[in-house]
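Raw contents of entry.cif, mmCIF, C-alpha atoms:
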data_my_file
#
loop_
_atom_site.label_atom_id
_atom_site.label_comp_id
_atom_site.auth_asym_id
_atom_site.auth_seq_id
_atom_site.Cartn_x
_atom_site.Cartn_y
_atom_site.Cartn_z
CA MET A 1 14.47 32.71 -2.55
CA ALA A 2 11.84 30.07 -3.36
CA THR A 3 8.44 31.35 -4.40
CA ASN A 4 4.95 30.04 -3.77
CA HIS A 5 4.98 28.57 -7.28
CA THR A 6 7.92 26.26 -6.67
CA PRO A 7 6.67 22.64 -6.53
CA ASP A 8 6.94 20.85 -3.19
CA ALA A 9 9.23 18.18 -4.63
CA LEU A 10 11.72 20.83 -5.78
CA LEU A 11 11.61 22.58 -2.40
CA VAL A 12 12.32 19.24 -0.69
CA LYS A 13 15.34 18.70 -2.99
CA LYS A 14 16.58 22.23 -2.27
CA TYR A 15 16.24 21.69 1.48
CA ILE A 16 18.11 18.38 1.32
CA ALA A 17 20.83 20.19 -0.66
CA GLY A 18 21.18 22.71 2.19
CA ASP A 19 18.68 25.51 1.43
CA GLU A 20 17.07 26.03 4.87
CA ASN A 21 14.66 28.58 3.41
CA ALA A 22 13.05 25.87 1.24
CA LEU A 23 11.73 24.14 4.37
CA ALA A 24 10.38 27.44 5.68
CA VAL A 25 8.44 27.85 2.43
CA LEU A 26 7.05 24.31 2.72
CA ILE A 27 6.00 24.84 6.35
CA HIS A 28 4.42 28.20 5.56
CA ARG A 29 2.60 26.72 2.55
CA HIS A 30 1.07 23.78 4.45
CA GLN A 31 0.99 24.80 8.11
CA SER A 32 -2.68 25.80 8.29
CA LYS A 33 -3.89 22.52 6.78
CA ILE A 34 -1.55 20.37 8.89
CA TYR A 35 -2.19 22.28 12.11
CA GLY A 36 -5.93 22.33 11.43
CA PHE A 37 -5.92 18.56 10.98
CA ILE A 38 -3.95 18.02 14.21
CA TYR A 39 -6.10 20.42 16.23
CA SER A 40 -9.33 18.87 14.91
CA LYS A 41 -8.27 15.51 16.37
CA LEU A 42 -6.88 16.76 19.69
CA SER A 43 -9.03 19.82 20.55
CA ASP A 44 -6.27 21.04 22.84
CA ARG A 45 -4.12 23.88 21.55
CA ASP A 46 -1.07 23.08 23.72
CA VAL A 47 -1.03 19.40 22.72
CA ALA A 48 -1.70 20.34 19.08
CA ASP A 49 1.26 22.76 19.18
CA ASP A 50 3.48 19.98 20.53
CA VAL A 51 2.33 17.44 17.93
CA PHE A 52 2.76 20.02 15.13
CA GLN A 53 6.31 20.73 16.31
CA ASP A 54 7.08 17.00 16.67
CA THR A 55 5.73 16.42 13.16
CA PHE A 56 8.23 18.85 11.65
CA ILE A 57 11.06 17.59 13.83
CA LYS A 58 10.40 14.16 12.34
CA VAL A 59 10.16 15.66 8.83
CA ILE A 60 13.51 17.41 9.30
CA LYS A 61 15.20 14.29 10.69
CA THR A 62 13.90 12.17 7.82
CA LEU A 63 14.96 14.71 5.18
CA LYS A 64 18.39 15.25 6.78
CA SER A 65 19.03 11.50 6.97
CA ASN A 66 18.29 11.15 3.24
CA SER A 67 15.63 8.52 4.00
CA TYR A 68 12.77 10.50 2.47
CA ASN A 69 11.34 8.56 -0.43
CA GLU A 70 9.31 10.61 -2.92
CA GLU A 71 6.50 8.06 -3.25
CA GLY A 72 3.84 10.70 -3.50
CA LYS A 73 3.26 14.27 -2.54
CA PHE A 74 4.95 16.02 0.36
CA LEU A 75 1.70 17.03 2.10
CA PRO A 76 0.16 13.53 2.35
CA TRP A 77 3.48 12.27 3.71
CA VAL A 78 3.54 14.97 6.41
CA MET A 79 -0.15 14.32 7.19
CA ARG A 80 0.64 10.62 7.73
CA ILE A 81 3.43 11.60 10.13
CA ALA A 82 1.04 13.91 12.01
CA HIS A 83 -1.65 11.20 12.05
CA ASN A 84 0.79 8.65 13.50
CA LEU A 85 1.96 11.11 16.17
CA ILE A 86 -1.67 11.80 17.14
CA ILE A 87 -2.28 8.06 17.53
CA ASP A 88 0.94 7.78 19.57
CA HIS A 89 -0.30 10.60 21.81
CA PHE A 90 -3.59 8.82 22.49
CA ARG A 91 -1.88 5.47 23.05
CA LYS A 92 0.57 7.05 25.47
CA ASN A 93 -2.33 8.59 27.39
CA LYS A 94 -4.34 5.37 27.13
CA LYS A 95 -7.30 6.91 25.39
CA MET A 96 -8.44 6.87 21.82
CA PRO A 97 -10.39 9.83 20.47
CA MET A 98 -14.08 9.53 19.78
CA LEU A 99 -14.38 6.12 21.43
CA ARG A 100 -15.63 7.75 24.57
CA GLU A 101 -18.82 9.69 24.67
CA THR A 102 -18.44 13.32 23.67
CA GLU A 103 -20.83 16.04 22.64
CA GLU A 104 -19.66 15.66 19.04
CA PHE A 105 -20.30 11.94 18.67
CA SER A 106 -21.63 9.00 20.55
CA ILE A 107 -22.67 5.62 19.27
CA PHE A 108 -25.63 6.14 21.58
CA SER A 109 -26.82 9.22 19.74
CA ILE A 110 -28.46 6.72 17.40
CA LEU A 111 -29.62 4.42 20.16
CA LYS A 112 -30.33 7.07 22.81
CA ASP A 113 -33.32 6.71 25.08
CA ASP A 114 -34.56 9.88 26.74
CA ASP A 115 -35.05 7.96 29.98
CA LYS A 116 -31.62 8.22 31.67
CA ASN A 117 -32.17 5.68 34.42
CA ALA A 118 -29.39 3.59 35.95
CA GLU A 119 -30.44 0.44 34.10
CA ASN A 120 -30.22 2.16 30.70
CA GLN A 121 -26.84 3.64 31.58
CA MET A 122 -25.52 0.21 32.56
CA ILE A 123 -26.87 -1.32 29.33
CA ASN A 124 -25.28 1.48 27.31
CA GLU A 125 -21.93 0.88 29.02
CA VAL A 126 -22.12 -2.85 28.19
CA ILE A 127 -22.97 -2.05 24.56
CA GLU A 128 -20.12 0.45 24.30
CA ASN A 129 -17.66 -2.03 25.84
CA ASP A 130 -18.84 -4.78 23.46
CA LEU A 131 -18.44 -2.45 20.49
CA ARG A 132 -14.95 -1.39 21.59
CA ARG A 133 -13.91 -5.01 22.05
CA ILE A 134 -15.22 -5.98 18.62
CA ILE A 135 -13.46 -3.05 16.94
CA GLU A 136 -10.19 -3.98 18.68
CA GLU A 137 -10.40 -7.46 17.08
CA LEU A 138 -10.34 -6.02 13.55
CA PRO A 139 -7.10 -6.11 11.54
CA ALA A 140 -5.15 -2.87 12.10
CA ASP A 141 -5.72 -1.45 8.60
CA GLN A 142 -9.48 -2.07 8.78
CA LYS A 143 -9.73 -0.69 12.31
CA GLU A 144 -7.83 2.46 11.28
CA VAL A 145 -10.18 3.20 8.37
CA LEU A 146 -13.28 2.46 10.47
CA LEU A 147 -12.16 4.76 13.29
CA MET A 148 -11.22 7.55 10.88
CA ARG A 149 -14.50 7.30 8.95
CA ILE A 150 -17.02 6.71 11.74
CA TYR A 151 -15.47 8.38 14.77
CA GLN A 152 -13.39 11.14 13.15
CA ASP A 153 -15.85 11.79 10.29
CA LEU A 154 -13.14 11.90 7.60
CA SER A 155 -14.01 11.43 3.94
CA PHE A 156 -12.59 8.46 2.06
CA ASN A 157 -10.41 10.90 0.08
CA GLU A 158 -8.94 12.22 3.35
CA ILE A 159 -8.47 8.69 4.69
CA ALA A 160 -6.71 7.61 1.49
CA GLU A 161 -4.43 10.66 1.62
CA ILE A 162 -3.54 10.25 5.30
CA THR A 163 -2.98 6.50 5.19
CA GLY A 164 -1.15 6.62 1.86
CA VAL A 165 -3.43 4.19 0.01
CA SER A 166 -5.78 4.57 -2.96
CA ILE A 167 -9.39 5.54 -2.35
CA ASN A 168 -10.46 2.09 -3.56
CA THR A 169 -8.22 0.45 -0.96
CA ALA A 170 -9.70 2.69 1.77
CA LEU A 171 -13.24 1.81 0.61
CA GLY A 172 -12.34 -1.88 0.52
CA ARG A 173 -10.90 -1.79 4.03
CA MET A 174 -14.09 -0.13 5.31
CA ARG A 175 -16.24 -2.73 3.57
CA TYR A 176 -14.23 -5.59 5.06
CA ALA A 177 -14.27 -3.94 8.49
CA LEU A 178 -18.08 -3.74 8.43
CA MET A 179 -18.36 -7.33 7.16
CA ASN A 180 -16.03 -8.55 9.91
CA LEU A 181 -17.96 -6.60 12.56
CA ARG A 182 -21.22 -8.21 11.40
CA LYS A 183 -19.64 -11.68 11.51
CA VAL A 184 -18.41 -11.20 15.09
CA ILE A 185 -21.75 -9.72 16.18
CA ASP A 186 -23.70 -12.62 14.62
CA LYS A 187 -21.26 -15.29 15.85
CA ASN A 188 -21.34 -14.03 19.44
CA LYS A 189 -25.04 -13.05 19.33
CA ILE A 190 -24.17 -9.55 20.51
CA ILE A 191 -27.08 -7.12 20.75
CA LEU A 192 -26.11 -3.49 20.20
CA THR A 193 -29.41 -1.95 21.27
CA ASN A 194 -31.10 -1.55 24.59
#
Take the structure in the file and give it back as structure tokens.
Amino acid sequence: MATNHTPDALLVKKYIAGDENALAVLIHRHQSKIYGFIYSKLSDRDVADDVFQDTFIKVIKTLKSNSYNEEGKFLPWVMRIAHNLIIDHFRKNKKMPMLRETEEFSIFSILKDDDKNAENQMINEVIENDLRRIIEELPADQKEVLLMRIYQDLSFNEIAEITGVSINTALGRMRYALMNLRKVIDKNKIILTN
């Protein structure tokens, strides 16, 4: 039986070779971190359970088909799968997390005016729509880092791990995303305050 000291890479090799218990050890070792990540993005236990299960179904299929490529660590690879399934869930349901106003975050928490009249609400909706449209125009890799950093409050280390790039690449993508946002805002004379 594999122990907690067996490296992930060796457990993956054992599982591919037919040792079903090796996968159980990997799941047990990483389930709290993976499930915690999924739940933190979805805030719905039933959906999080489904995405967690789908993540490991995809892991099993990939490992069984011998298409797993040991480019890095097992955990970041599984986290990328989970991240992609979360994005698929939101796309399928036509809503992206944190782009709509929630108690946890709103772009208007910075801009908020205590006077909640109809005119201010309409202005805020226009600003939010402008911001969404501008973000949608960013290249996919820049948009992904921006959404993860600003709206999901992930560190650059977490972003690098999930997206499978170096921390410098994640930082660079964020820098270019902000530069591109400023260019579009200046070019179109968009005002993001009320």
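If you look at CA of Thr163 (chain A) and CA of Tyr151 (chain A), they are 15.9 Å away from each other.
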Extract, using all atoms listed in the file, all DNA, RNA and protein residues at most 12 Å from Ile60 (chain A), discarding same-chain residues fewer than 3 positions from it, and format them as a PDB file with C-alpha atoms, keeping the file's coordinate frame.
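Saved to out32.pdb:
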ATOM      1  CA  VAL A  12      12.320  19.240  -0.690  1.00  0.00           C
ATOM      2  CA  TYR A  15      16.240  21.690   1.480  1.00  0.00           C
ATOM      3  CA  ILE A  16      18.110  18.380   1.320  1.00  0.00           C
ATOM      4  CA  GLY A  18      21.180  22.710   2.190  1.00  0.00           C
ATOM      5  CA  GLU A  20      17.070  26.030   4.870  1.00  0.00           C
ATOM      6  CA  ALA A  22      13.050  25.870   1.240  1.00  0.00           C
ATOM      7  CA  LEU A  23      11.730  24.140   4.370  1.00  0.00           C
ATOM      8  CA  ALA A  24      10.380  27.440   5.680  1.00  0.00           C
ATOM      9  CA  LEU A  26       7.050  24.310   2.720  1.00  0.00           C
ATOM     10  CA  ILE A  27       6.000  24.840   6.350  1.00  0.00           C
ATOM     11  CA  GLN A  53       6.310  20.730  16.310  1.00  0.00           C
ATOM     12  CA  ASP A  54       7.080  17.000  16.670  1.00  0.00           C
ATOM     13  CA  THR A  55       5.730  16.420  13.160  1.00  0.00           C
ATOM     14  CA  PHE A  56       8.230  18.850  11.650  1.00  0.00           C
ATOM     15  CA  ILE A  57      11.060  17.590  13.830  1.00  0.00           C
ATOM     16  CA  LEU A  63      14.960  14.710   5.180  1.00  0.00           C
ATOM     17  CA  LYS A  64      18.390  15.250   6.780  1.00  0.00           C
ATOM     18  CA  SER A  65      19.030  11.500   6.970  1.00  0.00           C
ATOM     19  CA  ASN A  66      18.290  11.150   3.240  1.00  0.00           C
ATOM     20  CA  SER A  67      15.630   8.520   4.000  1.00  0.00           C
ATOM     21  CA  TYR A  68      12.770  10.500   2.470  1.00  0.00           C
ATOM     22  CA  VAL A  78       3.540  14.970   6.410  1.00  0.00           C
ATOM     23  CA  ILE A  81       3.430  11.600  10.130  1.00  0.00           C
TER      24      ILE A  81
END
Dump as JSON lines the rows for residues of region 150-193 of chain A within 12 Å of region 28-45 of chain A: closest atom pair and distance in Å with one decimal, only C-alpha atoms counted, ordered by chain and rising residue number.
{"residue": "A:Tyr151", "atom": "CA", "partner": "A:Lys41", "partner_atom": "CA", "distance": 10.3}
{"residue": "A:Gln152", "atom": "CA", "partner": "A:Lys41", "partner_atom": "CA", "distance": 7.5}
{"residue": "A:Asp153", "atom": "CA", "partner": "A:Lys41", "partner_atom": "CA", "distance": 10.4}
{"residue": "A:Leu154", "atom": "CA", "partner": "A:Phe37", "partner_atom": "CA", "distance": 10.4}
{"residue": "A:Glu158", "atom": "CA", "partner": "A:Phe37", "partner_atom": "CA", "distance": 10.4}
{"residue": "A:Ile159", "atom": "CA", "partner": "A:Phe37", "partner_atom": "CA", "distance": 12.0}
{"residue": "A:Ile162", "atom": "CA", "partner": "A:Phe37", "partner_atom": "CA", "distance": 10.3}
Serialized selection, C-alpha atoms, as a short mmCIF file (atom, residue, chain, number, x, y, z; two decimals), keeping the file's coordinate frame:
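Output saved as part02.cif:
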data_model
loop_
_atom_site.label_atom_id
_atom_site.label_comp_id
_atom_site.auth_asym_id
_atom_site.auth_seq_id
_atom_site.Cartn_x
_atom_site.Cartn_y
_atom_site.Cartn_z
CA TYR A 151 -15.47 8.38 14.77
CA GLN A 152 -13.39 11.14 13.15
CA ASP A 153 -15.85 11.79 10.29
CA LEU A 154 -13.14 11.90 7.60
CA GLU A 158 -8.94 12.22 3.35
CA ILE A 159 -8.47 8.69 4.69
CA ILE A 162 -3.54 10.25 5.30
#
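CA of Leu147 (chain A) is found 17.0 Å from CA of Ile127 (chain A).
As for CA of Asn84 (chain A) and CA of Gly172 (chain A), they are spaced 21.3 Å apart.
Using only C-alpha atoms for every distance, the candidate list A:Val59, A:Ala177, A:Leu11, A:Val126 yields A:Ala177 as the residue closest to Ala140 (chain A).
Across A:Met79, A:Val145, A:Ala17, A:Met122, the tightest approach to Ile167 (chain A) is made by A:Val145 when counting only C-alpha atoms.
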Quiz prompt | Sphere at (-10.4, -5.8, 12.7), radius 9 Å, counting only C-alpha atoms: residues as a VMD selection string | solution = chain A and resid 134 to 144 176 to 177 180 to 181
